Amino acid sequence: MNPLDARLLTLFSAAPGHDTWRFALYIFAAEELIWIFPIWALATVWRGPHTNRVAVAVALAALGCSLSLSLSYLLGIAWPRPRPFIAGISHAFIAHAPTPSFPSNHATFAYTFALTFSLILRRVDVPTALLFLIATIIGISRVVVGVHYPTDIIGGLMIALLTSMLVVFGGRMAFTMFAPRSKPHS
């Protein structure tokens with residue numbers, strides 16, 4: 001284990017005698033809070049009226065999440081780091097398969113959605129800041145419950161940065177290349 005993970009695990013890992021209600025919130029965040037992103041996307045599209053930019057943001061966020069999770073899966077195959085509970089470093093407080101730890105798919109998905117959405121809308125306002133906060137809470141919770149190292153979360157964030165920029169700027173280039181051009185008036 002690298003020194004950064006060792007130091008951060010001592011800060012974030014759950015210990016015996018933890019506060020029950022707070023720990024229940026960590027478990028909820030680690031397992032269920034990820035659902036806020038698809039719910040957010042559906043609510044954004046469904047609530048209307050909305051601009052084309054919002055619809056594009058949701059579509060590209062879905063594309064970005066698919067791309068980033070594919071990359072995350074490939075990195076897990078290339079670097080099959082055992083999870084902390086498999087390596088005997090911490091206890092898993094939630095049920096989890098012994099799949100590769102790096103990078104965190106939850107962090108990858110959550111940060112990709114938040115980054116893509118805010119890059120398309122070209123703003124960080126209260127709703128998009130809330131998406132980043134939720135993604136961070138999910139990442140920290142995954143470390144606290146013992147299924148990830150802190151660098152797994154950082155790795156997920158890095159993949160999200162890469163794929164979000166690729167999808168957003170690629171989408172903009174495609175739009176300018178294939179958008180109908182207005183004909184000059186004669």
# chains A, B, ... in the order shown; residues from 1 in each chain; ligands from 1
$ residues_around --residues "A:Pro38" --least-positions-apart "2" --cutoff "12 Å" --atoms "only C-alpha atoms" --output "PyMOL selection string"
chain A and resi 32-36+40-46+58-59+61-62+65+109-110+113-114+131
$ closest_residue --among "A:Val126, A:Ala135, A:Ile159, A:Ile154" --to "A:Ser72" --atoms "only C-alpha atoms"
A:Ile159
$ closest_residue --among "A:Gly76, A:Pro127, A:Gly170, A:Gly88" --to "A:Gly156" --atoms "only C-alpha atoms"
A:Gly76
$ decode --residues "stretch 50-107 of chain A" --atoms "C-alpha atoms" --output "compact mmCIF listing (two decimals), in the first residue's frame"
# COMPACT_ATOMS: atom_id res chain seq x y z
CA HIS A 50 -35.93 22.86 -20.82
CA THR A 51 -33.48 24.08 -23.37
CA ASN A 52 -31.68 21.94 -25.89
CA ARG A 53 -28.53 22.51 -23.85
CA VAL A 54 -30.04 20.70 -20.84
CA ALA A 55 -31.13 17.77 -23.01
CA VAL A 56 -27.64 17.61 -24.54
CA ALA A 57 -26.10 17.78 -21.05
CA VAL A 58 -28.11 14.77 -19.91
CA ALA A 59 -27.36 12.80 -23.10
CA LEU A 60 -23.64 13.56 -22.98
CA ALA A 61 -23.51 12.81 -19.25
CA ALA A 62 -24.94 9.36 -20.01
CA LEU A 63 -22.42 8.88 -22.84
CA GLY A 64 -19.59 10.10 -20.60
CA CYS A 65 -20.61 7.72 -17.81
CA SER A 66 -20.66 4.79 -20.25
CA LEU A 67 -17.23 5.70 -21.59
CA SER A 68 -15.70 6.31 -18.17
CA LEU A 69 -17.07 3.07 -16.71
CA SER A 70 -15.67 1.16 -19.70
CA LEU A 71 -12.26 2.73 -19.10
CA SER A 72 -12.58 1.99 -15.37
CA TYR A 73 -13.32 -1.65 -16.12
CA LEU A 74 -10.28 -1.93 -18.41
CA LEU A 75 -8.03 -0.33 -15.78
CA GLY A 76 -9.32 -2.81 -13.22
CA ILE A 77 -8.29 -5.65 -15.50
CA ALA A 78 -4.88 -4.09 -16.21
CA TRP A 79 -4.20 -3.30 -12.55
CA PRO A 80 -6.14 -5.77 -10.38
CA ARG A 81 -5.43 -4.20 -6.98
CA PRO A 82 -7.22 -6.11 -4.20
CA ARG A 83 -9.76 -4.21 -2.15
CA PRO A 84 -8.73 -3.20 1.39
CA PHE A 85 -10.89 -5.89 2.99
CA ILE A 86 -9.37 -8.55 0.71
CA ALA A 87 -5.84 -7.37 1.56
CA GLY A 88 -6.69 -7.54 5.28
CA ILE A 89 -6.19 -3.81 5.77
CA SER A 90 -9.76 -2.99 6.76
CA HIS A 91 -13.11 -4.60 7.35
CA ALA A 92 -15.86 -4.38 4.72
CA PHE A 93 -18.96 -3.02 6.39
CA ILE A 94 -21.07 -3.66 3.28
CA ALA A 95 -21.34 -6.78 1.16
CA HIS A 96 -19.04 -6.52 -1.82
CA ALA A 97 -17.60 -8.87 -4.41
CA PRO A 98 -13.81 -9.25 -4.44
CA THR A 99 -13.47 -7.33 -7.71
CA PRO A 100 -10.48 -5.03 -8.38
CA SER A 101 -10.40 -1.94 -6.19
CA PHE A 102 -8.86 0.57 -8.59
CA PRO A 103 -10.51 2.75 -9.75
CA SER A 104 -13.79 3.21 -7.93
CA ASN A 105 -16.68 2.76 -10.35
CA HIS A 106 -18.98 4.69 -8.03
CA ALA A 107 -16.63 7.70 -7.94
